[in-house]
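A.B. asks: PDB, C-alpha atoms, pLDDT in the B column, saved as entry_39.pdb, coming up:
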ATOM      1  CA  MET A   1     -24.536  17.003 -77.522  1.00 92.00           C
ATOM      2  CA  THR A   2     -20.929  16.728 -76.396  1.00 96.00           C
ATOM      3  CA  THR A   3     -19.274  13.494 -75.324  1.00 98.00           C
ATOM      4  CA  VAL A   4     -16.504  14.287 -72.876  1.00 98.00           C
ATOM      5  CA  LEU A   5     -13.618  11.820 -72.673  1.00 98.00           C
ATOM      6  CA  ALA A   6     -11.568  10.728 -69.676  1.00 98.00           C
ATOM      7  CA  PRO A   7      -8.289  12.706 -69.700  1.00 98.00           C
ATOM      8  CA  VAL A   8      -6.376  10.180 -67.585  1.00 98.00           C
ATOM      9  CA  ALA A   9      -6.343   6.520 -66.564  1.00 98.00           C
ATOM     10  CA  GLY A  10      -7.796   5.622 -63.187  1.00 98.00           C
ATOM     11  CA  ALA A  11     -11.136   5.192 -61.488  1.00 98.00           C
ATOM     12  CA  ALA A  12     -14.033   7.486 -62.398  1.00 98.00           C
ATOM     13  CA  VAL A  13     -15.778   8.903 -59.325  1.00 97.00           C
ATOM     14  CA  ARG A  14     -18.514  11.458 -58.706  1.00 96.00           C
ATOM     15  CA  LEU A  15     -17.447  15.093 -58.569  1.00 96.00           C
ATOM     16  CA  ALA A  16     -19.254  15.272 -55.211  1.00 96.00           C
ATOM     17  CA  ALA A  17     -16.669  12.860 -53.779  1.00 95.00           C
ATOM     18  CA  VAL A  18     -13.587  15.036 -54.374  1.00 97.00           C
ATOM     19  CA  PRO A  19     -11.788  16.665 -51.400  1.00 95.00           C
ATOM     20  CA  ASP A  20     -12.410  20.269 -52.497  1.00 95.00           C
ATOM     21  CA  PRO A  21     -15.807  21.846 -51.750  1.00 94.00           C
ATOM     22  CA  VAL A  22     -15.587  24.306 -54.668  1.00 93.00           C
ATOM     23  CA  PHE A  23     -15.537  21.420 -57.141  1.00 96.00           C
ATOM     24  CA  ALA A  24     -17.517  18.938 -55.032  1.00 96.00           C
ATOM     25  CA  GLU A  25     -20.471  21.322 -54.706  1.00 95.00           C
ATOM     26  CA  GLY A  26     -20.465  21.946 -58.452  1.00 94.00           C
ATOM     27  CA  MET A  27     -19.614  25.633 -58.017  1.00 94.00           C
ATOM     28  CA  VAL A  28     -17.322  25.552 -61.050  1.00 96.00           C
ATOM     29  CA  GLY A  29     -19.774  23.394 -62.971  1.00 97.00           C
ATOM     30  CA  PRO A  30     -21.091  19.851 -63.322  1.00 97.00           C
ATOM     31  CA  GLY A  31     -18.838  17.038 -64.472  1.00 98.00           C
ATOM     32  CA  ALA A  32     -16.927  14.055 -63.151  1.00 98.00           C
ATOM     33  CA  ALA A  33     -13.614  13.167 -61.529  1.00 98.00           C
ATOM     34  CA  ILE A  34     -11.006  10.472 -61.898  1.00 98.00           C
ATOM     35  CA  ASP A  35      -8.818   9.082 -59.130  1.00 98.00           C
ATOM     36  CA  PRO A  36      -5.751   8.657 -61.347  1.00 98.00           C
ATOM     37  CA  ALA A  37      -3.492   5.639 -61.611  1.00 98.00           C
ATOM     38  CA  ARG A  38      -0.283   6.418 -59.682  1.00 97.00           C
ATOM     39  CA  SER A  39       2.080   6.130 -62.618  1.00 96.00           C
ATOM     40  CA  PRO A  40       3.605   8.620 -65.079  1.00 97.00           C
ATOM     41  CA  GLY A  41       1.317   9.413 -67.983  1.00 96.00           C
ATOM     42  CA  SER A  42      -0.324  12.079 -70.083  1.00 97.00           C
ATOM     43  CA  ALA A  43      -3.562  13.955 -69.584  1.00 98.00           C
ATOM     44  CA  VAL A  44      -5.377  14.122 -72.916  1.00 98.00           C
ATOM     45  CA  SER A  45      -7.925  16.539 -74.334  1.00 98.00           C
ATOM     46  CA  PRO A  46     -11.501  15.587 -73.379  1.00 98.00           C
ATOM     47  CA  ILE A  47     -12.983  17.061 -76.596  1.00 98.00           C
ATOM     48  CA  ASP A  48     -11.991  18.342 -80.041  1.00 98.00           C
ATOM     49  CA  GLY A  49     -11.272  22.053 -79.871  1.00 98.00           C
ATOM     50  CA  LYS A  50      -8.882  24.857 -79.071  1.00 98.00           C
ATOM     51  CA  ILE A  51      -6.737  25.167 -75.949  1.00 98.00           C
ATOM     52  CA  VAL A  52      -7.968  28.586 -74.766  1.00 97.00           C
ATOM     53  CA  LYS A  53      -6.129  28.404 -71.427  1.00 96.00           C
ATOM     54  CA  LEU A  54      -3.170  26.272 -70.530  1.00 97.00           C
ATOM     55  CA  HIS A  55      -1.627  26.131 -67.077  1.00 95.00           C
ATOM     56  CA  PRO A  56       0.659  23.286 -66.014  1.00 96.00           C
ATOM     57  CA  HIS A  57      -2.000  22.014 -63.593  1.00 96.00           C
ATOM     58  CA  ALA A  58      -5.142  22.867 -65.572  1.00 96.00           C
ATOM     59  CA  TYR A  59      -6.415  23.532 -69.058  1.00 98.00           C
ATOM     60  CA  VAL A  60      -9.582  24.638 -70.815  1.00 98.00           C
ATOM     61  CA  VAL A  61     -10.566  23.272 -74.235  1.00 98.00           C
ATOM     62  CA  VAL A  62     -13.340  24.983 -76.200  1.00 98.00           C
ATOM     63  CA  GLY A  63     -15.102  23.152 -79.021  1.00 98.00           C
ATOM     64  CA  ASP A  64     -16.308  24.714 -82.281  1.00 96.00           C
ATOM     65  CA  ASP A  65     -19.774  25.006 -80.705  1.00 96.00           C
ATOM     66  CA  GLY A  66     -18.321  27.293 -77.996  1.00 97.00           C
ATOM     67  CA  ARG A  67     -18.639  24.769 -75.199  1.00 98.00           C
ATOM     68  CA  GLY A  68     -15.701  24.709 -72.805  1.00 98.00           C
ATOM     69  CA  VAL A  69     -14.387  21.864 -70.666  1.00 98.00           C
ATOM     70  CA  LEU A  70     -11.962  22.408 -67.775  1.00 98.00           C
ATOM     71  CA  VAL A  71      -9.471  19.691 -66.850  1.00 98.00           C
ATOM     72  CA  HIS A  72      -7.888  20.319 -63.445  1.00 97.00           C
ATOM     73  CA  LEU A  73      -5.047  18.010 -62.385  1.00 98.00           C
ATOM     74  CA  GLY A  74      -5.062  17.638 -58.623  1.00 97.00           C
ATOM     75  CA  ILE A  75      -6.291  19.826 -55.761  1.00 95.00           C
ATOM     76  CA  ASN A  76      -4.386  23.011 -54.839  1.00 92.00           C
ATOM     77  CA  THR A  77      -1.822  22.126 -57.496  1.00 94.00           C
ATOM     78  CA  VAL A  78      -1.566  25.782 -58.584  1.00 89.00           C
ATOM     79  CA  GLN A  79       0.787  26.052 -55.580  1.00 88.00           C
ATOM     80  CA  LEU A  80       3.269  23.686 -57.275  1.00 92.00           C
ATOM     81  CA  ARG A  81       3.914  26.392 -59.898  1.00 90.00           C
ATOM     82  CA  GLY A  82       4.341  23.867 -62.679  1.00 93.00           C
ATOM     83  CA  GLN A  83       6.592  21.465 -60.807  1.00 92.00           C
ATOM     84  CA  GLY A  84       5.729  17.901 -61.821  1.00 92.00           C
ATOM     85  CA  PHE A  85       3.943  18.915 -65.032  1.00 97.00           C
ATOM     86  CA  GLU A  86       5.220  19.157 -68.607  1.00 98.00           C
ATOM     87  CA  LEU A  87       3.236  20.977 -71.290  1.00 98.00           C
ATOM     88  CA  LEU A  88       2.918  19.037 -74.558  1.00 98.00           C
ATOM     89  CA  VAL A  89       0.948  21.648 -76.540  1.00 98.00           C
ATOM     90  CA  ALA A  90       0.723  25.464 -76.492  1.00 98.00           C
ATOM     91  CA  GLU A  91      -2.111  27.817 -75.602  1.00 97.00           C
ATOM     92  CA  GLY A  92      -4.118  28.535 -78.761  1.00 98.00           C
ATOM     93  CA  ASP A  93      -3.325  25.148 -80.331  1.00 98.00           C
ATOM     94  CA  ARG A  94      -6.089  23.082 -81.875  1.00 98.00           C
ATOM     95  CA  VAL A  95      -6.294  19.613 -80.378  1.00 98.00           C
ATOM     96  CA  THR A  96      -8.305  16.514 -81.087  1.00 98.00           C
ATOM     97  CA  ALA A  97     -10.125  14.540 -78.395  1.00 98.00           C
ATOM     98  CA  GLY A  98      -7.628  12.100 -76.901  1.00 98.00           C
ATOM     99  CA  GLN A  99      -4.529  14.137 -77.826  1.00 98.00           C
ATOM    100  CA  PRO A 100      -1.958  14.428 -74.982  1.00 98.00           C
ATOM    101  CA  VAL A 101      -1.874  17.943 -73.454  1.00 98.00           C
ATOM    102  CA  VAL A 102       0.128  17.674 -70.207  1.00 98.00           C
ATOM    103  CA  ALA A 103       2.547  14.973 -69.013  1.00 98.00           C
ATOM    104  CA  TRP A 104       2.480  14.352 -65.265  1.00 97.00           C
ATOM    105  CA  ASP A 105       2.940  11.755 -62.560  1.00 97.00           C
ATOM    106  CA  PRO A 106       0.059  11.599 -60.060  1.00 97.00           C
ATOM    107  CA  GLY A 107       2.356   9.790 -57.617  1.00 96.00           C
ATOM    108  CA  VAL A 108       4.682  12.826 -57.532  1.00 96.00           C
ATOM    109  CA  ILE A 109       1.707  15.146 -56.839  1.00 97.00           C
ATOM    110  CA  GLU A 110       0.514  12.867 -54.038  1.00 97.00           C
ATOM    111  CA  ALA A 111       4.018  12.873 -52.530  1.00 97.00           C
ATOM    112  CA  THR A 112       3.683  16.663 -52.031  1.00 96.00           C
ATOM    113  CA  GLY A 113       0.684  15.996 -49.759  1.00 97.00           C
ATOM    114  CA  ARG A 114      -1.925  17.031 -52.343  1.00 97.00           C
ATOM    115  CA  SER A 115      -4.725  14.991 -53.879  1.00 97.00           C
ATOM    116  CA  PRO A 116      -3.908  14.164 -57.526  1.00 98.00           C
ATOM    117  CA  VAL A 117      -7.607  13.712 -58.397  1.00 98.00           C
ATOM    118  CA  CYS A 118      -8.385  14.808 -61.966  1.00 98.00           C
ATOM    119  CA  LEU A 119     -11.453  17.055 -62.262  1.00 98.00           C
ATOM    120  CA  VAL A 120     -13.346  17.342 -65.541  1.00 98.00           C
ATOM    121  CA  VAL A 121     -15.915  20.134 -65.567  1.00 98.00           C
ATOM    122  CA  ALA A 122     -18.459  21.333 -68.151  1.00 98.00           C
ATOM    123  CA  LEU A 123     -18.238  25.151 -68.015  1.00 98.00           C
ATOM    124  CA  ASP A 124     -21.407  27.290 -68.075  1.00 97.00           C
ATOM    125  CA  ALA A 125     -23.459  24.072 -68.131  1.00 97.00           C
ATOM    126  CA  ILE A 126     -26.568  23.418 -66.077  1.00 95.00           C
ATOM    127  CA  ALA A 127     -26.231  20.394 -63.809  1.00 95.00           C
ATOM    128  CA  ALA A 128     -29.147  18.538 -65.384  1.00 96.00           C
ATOM    129  CA  SER A 129     -27.456  18.616 -68.816  1.00 97.00           C
ATOM    130  CA  VAL A 130     -24.624  16.325 -67.706  1.00 97.00           C
ATOM    131  CA  THR A 131     -25.025  12.537 -67.569  1.00 97.00           C
ATOM    132  CA  GLU A 132     -22.248  10.468 -66.041  1.00 91.00           C
ATOM    133  CA  LEU A 133     -21.481   7.462 -68.208  1.00 90.00           C
ATOM    134  CA  VAL A 134     -19.071   5.457 -66.113  1.00 93.00           C
ATOM    135  CA  GLN A 135     -17.973   4.729 -62.558  1.00 95.00           C
ATOM    136  CA  GLY A 136     -14.810   2.735 -61.921  1.00 97.00           C
ATOM    137  CA  PRO A 137     -11.878   1.914 -64.206  1.00 98.00           C
ATOM    138  CA  VAL A 138     -11.270   4.171 -67.228  1.00 98.00           C
ATOM    139  CA  GLN A 139      -8.503   4.595 -69.758  1.00 98.00           C
ATOM    140  CA  PRO A 140      -7.557   7.950 -71.333  1.00 98.00           C
ATOM    141  CA  GLY A 141      -9.989   8.600 -74.181  1.00 97.00           C
ATOM    142  CA  ASP A 142     -12.829   6.501 -72.740  1.00 98.00           C
ATOM    143  CA  GLU A 143     -16.234   8.208 -72.646  1.00 97.00           C
ATOM    144  CA  LEU A 144     -16.641   9.872 -69.221  1.00 98.00           C
ATOM    145  CA  PHE A 145     -19.820  11.937 -69.381  1.00 98.00           C
ATOM    146  CA  ARG A 146     -22.346  13.235 -71.863  1.00 98.00           C
ATOM    147  CA  TRP A 147     -23.243  16.936 -72.017  1.00 98.00           C
ATOM    148  CA  GLY A 148     -26.662  17.209 -73.646  1.00 95.00           C
TER     149      GLY A 148
ATOM    150  CA  MET B   1     -21.774  52.996 -66.773  1.00 90.00           C
ATOM    151  CA  PRO B   2     -21.204  52.273 -63.054  1.00 95.00           C
ATOM    152  CA  GLU B   3     -17.940  50.450 -62.507  1.00 96.00           C
ATOM    153  CA  ARG B   4     -15.474  49.342 -59.841  1.00 97.00           C
ATOM    154  CA  LYS B   5     -11.722  49.029 -60.270  1.00 97.00           C
ATOM    155  CA  VAL B   6     -10.227  46.407 -57.996  1.00 97.00           C
ATOM    156  CA  ILE B   7      -6.811  44.860 -57.403  1.00 97.00           C
ATOM    157  CA  VAL B   8      -7.187  41.068 -57.214  1.00 97.00           C
ATOM    158  CA  LYS B   9      -5.550  39.919 -53.984  1.00 94.00           C
ATOM    159  CA  SER B  10      -6.166  36.163 -53.952  1.00 92.00           C
ATOM    160  CA  GLU B  11      -2.967  34.131 -54.252  1.00 88.00           C
ATOM    161  CA  VAL B  12      -4.507  32.079 -57.054  1.00 88.00           C
ATOM    162  CA  GLY B  13      -5.886  35.117 -58.903  1.00 92.00           C
ATOM    163  CA  LEU B  14      -9.450  34.957 -60.177  1.00 94.00           C
ATOM    164  CA  HIS B  15      -9.457  31.153 -60.414  1.00 90.00           C
ATOM    165  CA  ALA B  16     -10.937  28.268 -58.435  1.00 83.00           C
ATOM    166  CA  ARG B  17     -13.042  29.491 -55.481  1.00 86.00           C
ATOM    167  CA  PRO B  18     -12.802  33.265 -56.161  1.00 92.00           C
ATOM    168  CA  ALA B  19     -13.757  32.753 -59.814  1.00 96.00           C
ATOM    169  CA  ALA B  20     -16.634  30.402 -59.014  1.00 96.00           C
ATOM    170  CA  THR B  21     -17.996  32.707 -56.283  1.00 96.00           C
ATOM    171  CA  PHE B  22     -17.620  35.772 -58.507  1.00 97.00           C
ATOM    172  CA  VAL B  23     -19.473  34.172 -61.434  1.00 97.00           C
ATOM    173  CA  GLN B  24     -22.233  32.707 -59.229  1.00 96.00           C
ATOM    174  CA  THR B  25     -22.862  36.126 -57.686  1.00 97.00           C
ATOM    175  CA  ALA B  26     -22.885  37.879 -61.076  1.00 97.00           C
ATOM    176  CA  ALA B  27     -25.147  35.219 -62.596  1.00 96.00           C
ATOM    177  CA  LYS B  28     -27.855  35.821 -59.966  1.00 94.00           C
ATOM    178  CA  ALA B  29     -28.268  39.440 -61.093  1.00 95.00           C
ATOM    179  CA  PRO B  30     -30.937  40.223 -63.704  1.00 96.00           C
ATOM    180  CA  ILE B  31     -28.660  42.792 -65.384  1.00 96.00           C
ATOM    181  CA  GLU B  32     -25.649  42.549 -67.687  1.00 97.00           C
ATOM    182  CA  VAL B  33     -22.284  42.406 -65.915  1.00 98.00           C
ATOM    183  CA  THR B  34     -18.873  42.570 -67.532  1.00 98.00           C
ATOM    184  CA  LEU B  35     -15.340  42.027 -66.354  1.00 98.00           C
ATOM    185  CA  ALA B  36     -12.156  43.321 -67.979  1.00 98.00           C
ATOM    186  CA  LYS B  37      -8.478  43.698 -67.266  1.00 97.00           C
ATOM    187  CA  ALA B  38      -7.347  47.329 -66.903  1.00 89.00           C
ATOM    188  CA  ASP B  39      -7.012  48.048 -70.639  1.00 85.00           C
ATOM    189  CA  GLY B  40      -8.612  44.899 -72.013  1.00 93.00           C
ATOM    190  CA  GLU B  41     -11.822  43.917 -73.748  1.00 96.00           C
ATOM    191  CA  PRO B  42     -14.738  43.211 -71.399  1.00 97.00           C
ATOM    192  CA  VAL B  43     -16.050  39.655 -71.088  1.00 98.00           C
ATOM    193  CA  ASN B  44     -19.322  38.296 -69.700  1.00 98.00           C
ATOM    194  CA  ALA B  45     -18.883  38.128 -65.917  1.00 98.00           C
ATOM    195  CA  LYS B  46     -21.646  35.502 -65.704  1.00 98.00           C
ATOM    196  CA  SER B  47     -19.608  32.979 -67.714  1.00 98.00           C
ATOM    197  CA  ILE B  48     -17.109  30.827 -65.810  1.00 98.00           C
ATOM    198  CA  LEU B  49     -15.538  29.947 -69.171  1.00 97.00           C
ATOM    199  CA  SER B  50     -14.978  33.653 -69.993  1.00 97.00           C
ATOM    200  CA  VAL B  51     -13.646  34.468 -66.529  1.00 97.00           C
ATOM    201  CA  LEU B  52     -11.227  31.507 -66.483  1.00 96.00           C
ATOM    202  CA  ALA B  53     -10.054  32.354 -70.008  1.00 96.00           C
ATOM    203  CA  LEU B  54      -9.427  35.976 -68.942  1.00 96.00           C
ATOM    204  CA  ASP B  55      -6.858  34.509 -66.536  1.00 95.00           C
ATOM    205  CA  VAL B  56      -6.651  37.294 -63.934  1.00 96.00           C
ATOM    206  CA  ARG B  57      -3.579  36.892 -61.731  1.00 95.00           C
ATOM    207  CA  GLN B  58      -2.858  38.133 -58.215  1.00 95.00           C
ATOM    208  CA  GLY B  59      -2.017  41.859 -58.250  1.00 96.00           C
ATOM    209  CA  GLU B  60      -3.780  42.618 -61.534  1.00 97.00           C
ATOM    210  CA  VAL B  61      -6.369  45.386 -61.772  1.00 97.00           C
ATOM    211  CA  ILE B  62      -9.814  44.449 -63.030  1.00 98.00           C
ATOM    212  CA  VAL B  63     -12.763  46.613 -64.005  1.00 98.00           C
ATOM    213  CA  ILE B  64     -16.271  45.351 -63.233  1.00 98.00           C
ATOM    214  CA  ARG B  65     -19.176  47.121 -64.945  1.00 98.00           C
ATOM    215  CA  ALA B  66     -22.942  46.809 -64.608  1.00 97.00           C
ATOM    216  CA  GLU B  67     -25.864  49.114 -65.258  1.00 94.00           C
ATOM    217  CA  GLY B  68     -29.435  48.885 -64.065  1.00 94.00           C
ATOM    218  CA  GLU B  69     -31.436  48.178 -60.968  1.00 93.00           C
ATOM    219  CA  GLY B  70     -29.250  47.014 -58.088  1.00 94.00           C
ATOM    220  CA  SER B  71     -26.012  47.613 -59.958  1.00 96.00           C
ATOM    221  CA  ASP B  72     -24.331  49.546 -57.111  1.00 96.00           C
ATOM    222  CA  GLN B  73     -24.911  46.778 -54.570  1.00 97.00           C
ATOM    223  CA  LEU B  74     -23.934  44.105 -57.078  1.00 98.00           C
ATOM    224  CA  LEU B  75     -20.711  45.914 -58.003  1.00 98.00           C
ATOM    225  CA  ASP B  76     -19.852  46.332 -54.319  1.00 98.00           C
ATOM    226  CA  ASP B  77     -20.405  42.610 -53.738  1.00 97.00           C
ATOM    227  CA  LEU B  78     -18.323  41.596 -56.759  1.00 98.00           C
ATOM    228  CA  ALA B  79     -15.542  44.037 -55.856  1.00 97.00           C
ATOM    229  CA  ALA B  80     -15.408  42.547 -52.348  1.00 97.00           C
ATOM    230  CA  ILE B  81     -15.059  39.019 -53.757  1.00 97.00           C
ATOM    231  CA  ALA B  82     -12.313  40.074 -56.165  1.00 96.00           C
ATOM    232  CA  ALA B  83     -10.417  42.023 -53.479  1.00 95.00           C
ATOM    233  CA  ALA B  84     -10.582  39.268 -50.852  1.00 94.00           C
ATOM    234  CA  PRO B  85      -7.156  37.799 -50.046  1.00 91.00           C
TER     235      PRO B  85
END
Take the structure in the file and give it back as structure tokens.
C.D. replies:
Amino acid sequence: MTTVLAPVAGAAVRLAAVPDPVFAEGMVGPGAAIDPARSPGSAVSPIDGKIVKLHPHAYVVVGDDGRGVLVHLGINTVQLRGQGFELLVAEGDRVTAGQPVVAWDPGVIEATGRSPVCLVVALDAIAASVTELVQGPVQPGDELFRWG
Amino acid sequence: MPERKVIVKSEVGLHARPAATFVQTAAKAPIEVTLAKADGEPVNAKSILSVLALDVRQGEVIVIRAEGEGSDQLLDDLAAIAAAP
């Protein structure tokens, strides 16, 4: 069982509600989303593990059990080519759940015309294995969903 | 083993929609499917974690391999996904 933490502050919403069909339909995997507070902050690691992939707008953390969680900051934010994001760790680093990984400002992302919604996805998980734990206000490090 | 070499044309590389579509298509097949960069180690093409970690960028060459019943059709389908702009 993996407890996946909220990477950012904001309001937890269903993945199905995000404005990107690839994520909304669960094509990448099951999980949850957070409509982030529009203020500068850090996105933290959702689990203990290793940063196997680190982009400015997205990162993948893999736990010792081999389970991977994707955190994607905003929709179509790959097009920003890192603008508005600052990396706080390096690819290959070990991180603990709740440790800051990327500094960003959702308000700056929104000003580019993109949704800053934060997507948190259990990779290679079956939909039925994920239980959402919260809807509404969350702080970074709060429990977001359980991956059984 | 049957294989296809493809240049990835999507602007975002094999991420987001192309990656999800690629993995979903591979995962439906009852045979083993691997994906590798030109000279790299193959990874499980049915794992979104493995494909995202492989981090294929636009313009990179990938090699898709599968052997068994339906492998030719499957490889054609996967090659088309990877080569789509």
A.B. asks: If you measure from CA of Ala45 in chain B to CA of Glu11 in chain B, what distance in Å do you get, rounded to one decimal?
C.D. replies: 20.1 Å
A.B. asks: Could you tell me which of B:Gly59, B:Gly13, B:Gly70, B:Lys46 comes closest to Ala27 in chain B if we count all atoms listed in the file?
C.D. replies: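 Using all atoms listed in the file, Ala27 in chain B sits closest to B:Lys46.
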A.B. asks: Of the candidates A:Ala97, A:Ala103, A:Ala33, A:Val69, which one gets nearest to Ala53 in chain B if we count all atoms listed in the file?
C.D. replies: A:Val69
A.B. asks: Just the number, please: distance in Å from CA of Ala16 in chain A to CA of Lys28 in chain B, one decimal.
C.D. replies: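 These atoms are spaced 22.8 Å apart.
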A.B. asks: What does the structure give for the distance between CA of Glu67 in chain B and CA of Ile31 in chain B, in Å to one decimal?
C.D. replies: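 Between these atoms lies a distance of 6.9 Å.
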A.B. asks: Compile a residue-level contact table for chain B against chain A at a cut-off of 10 Å, reporting for every qualifying residue the shortest atom pair and its distance in Å to one decimal, with only C-alpha atoms counted, rows ordered by chain and ascending number, as a Markdown table.
C.D. replies:
| residue | atom | partner | partner_atom | distance |
| --- | --- | --- | --- | --- |
| B:Glu11 | CA | A:Gln79 | CA | 9.0 |
| B:Val12 | CA | A:Val78 | CA | 7.1 |
| B:His15 | CA | A:Val28 | CA | 9.7 |
| B:Ala16 | CA | A:Val22 | CA | 7.2 |
| B:Arg17 | CA | A:Val22 | CA | 5.8 |
| B:Pro18 | CA | A:Val22 | CA | 9.5 |
| B:Ala19 | CA | A:Val28 | CA | 8.1 |
| B:Ala20 | CA | A:Val28 | CA | 5.3 |
| B:Thr21 | CA | A:Met27 | CA | 7.5 |
| B:Val23 | CA | A:Val28 | CA | 8.9 |
| B:Gln24 | CA | A:Met27 | CA | 7.6 |
| B:Lys46 | CA | A:Asp124 | CA | 8.6 |
| B:Ser47 | CA | A:Asp124 | CA | 6.0 |
| B:Ile48 | CA | A:Asp124 | CA | 6.0 |
| B:Leu49 | CA | A:Leu123 | CA | 5.6 |
| B:Ser50 | CA | A:Asp124 | CA | 9.2 |
| B:Leu52 | CA | A:Lys53 | CA | 7.7 |
| B:Ala53 | CA | A:Lys53 | CA | 5.7 |
| B:Leu54 | CA | A:Lys53 | CA | 8.6 |
| B:Asp55 | CA | A:Lys53 | CA | 7.9 |
A.B. asks: Evaluating the PyMOL selection byres ((chain A and resi 6) around 6) on the displayed file yields which residues, as a list in words?
C.D. replies: Leu5, Pro7, Val8, Pro140, Gly141, Asp142 and Leu144 of chain A
A.B. asks: Within 6 Å of Val44 in chain A, counting only C-alpha atoms, which residues show up once you throw out same-chain ones fewer than 4 positions away? Write them as a list in words, please.
C.D. replies: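 Once the adjacent positions are removed, what remains is Pro7, Gly98, Gln99, Pro100 and Val101 of chain A.
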A.B. asks: Identify which of the residues B:Gln58, B:Thr34, B:Gln73, B:Asn44 lies closest to Met1 in chain B, counting all atoms listed in the file when measuring atom-to-atom distances.
C.D. replies: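 Of the candidates, the smallest distance to Met1 in chain B is held by B:Thr34.
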A.B. asks: Which is closest to Arg14 in chain A among A:Gly136, A:Pro56, A:Pro36, A:Gly113, if we use all atoms listed in the file?
C.D. replies: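 Among the listed residues, A:Gly136 lies closest to Arg14 in chain A.
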A.B. asks: Nearest to Asp93 in chain A: which of A:Asp48, A:Ala37, A:Met1, A:Pro19 is it, counting all atoms listed in the file?
C.D. replies: A:Asp48
A.B. asks: Counting only C-alpha atoms, which of A:Ala128, A:Ala43, A:Ile34, A:Val95 gets nearest to Asp64 in chain A?
C.D. replies: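 Answer, going by the shortest atom-to-atom distance: A:Val95.
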A.B. asks: Would you kindly return, as a VMD selection string, each protein, DNA or RNA residue with an atom no farther than 10 Å from any atom of Asp39 in chain B, considering only C-alpha atoms and excluding same-chain residues fewer than 5 positions away?
C.D. replies: chain B and resid 61 to 63
A.B. asks: Save out the residues we just selected, C-alpha atoms, as a short mmCIF file (atom, residue, chain, number, x, y, z; two decimals), in the frame of the given file.
C.D. replies:
data_model
loop_
_atom_site.label_atom_id
_atom_site.label_comp_id
_atom_site.auth_asym_id
_atom_site.auth_seq_id
_atom_site.Cartn_x
_atom_site.Cartn_y
_atom_site.Cartn_z
CA VAL B 61 -6.37 45.39 -61.77
CA ILE B 62 -9.81 44.45 -63.03
CA VAL B 63 -12.76 46.61 -64.00
#
A.B. asks: How big is the axis-aligned box around the listed atoms of range 48-63 of chain A once 3 Å is added on each side, and where is its centre? Give both in Å to one decimal, as JSON.
C.D. replies:
{"center_x": -7.2, "center_y": 23.5, "center_z": -71.8, "size_x": 21.8, "size_y": 16.2, "size_z": 22.4}
A.B. asks: Evaluate the PyMOL selection byres ((chain B and resi 3) around 7) here and jot the selected residues down as a PyMOL selection string.
C.D. replies: chain B and resi 1-2+4-5+63-66+75
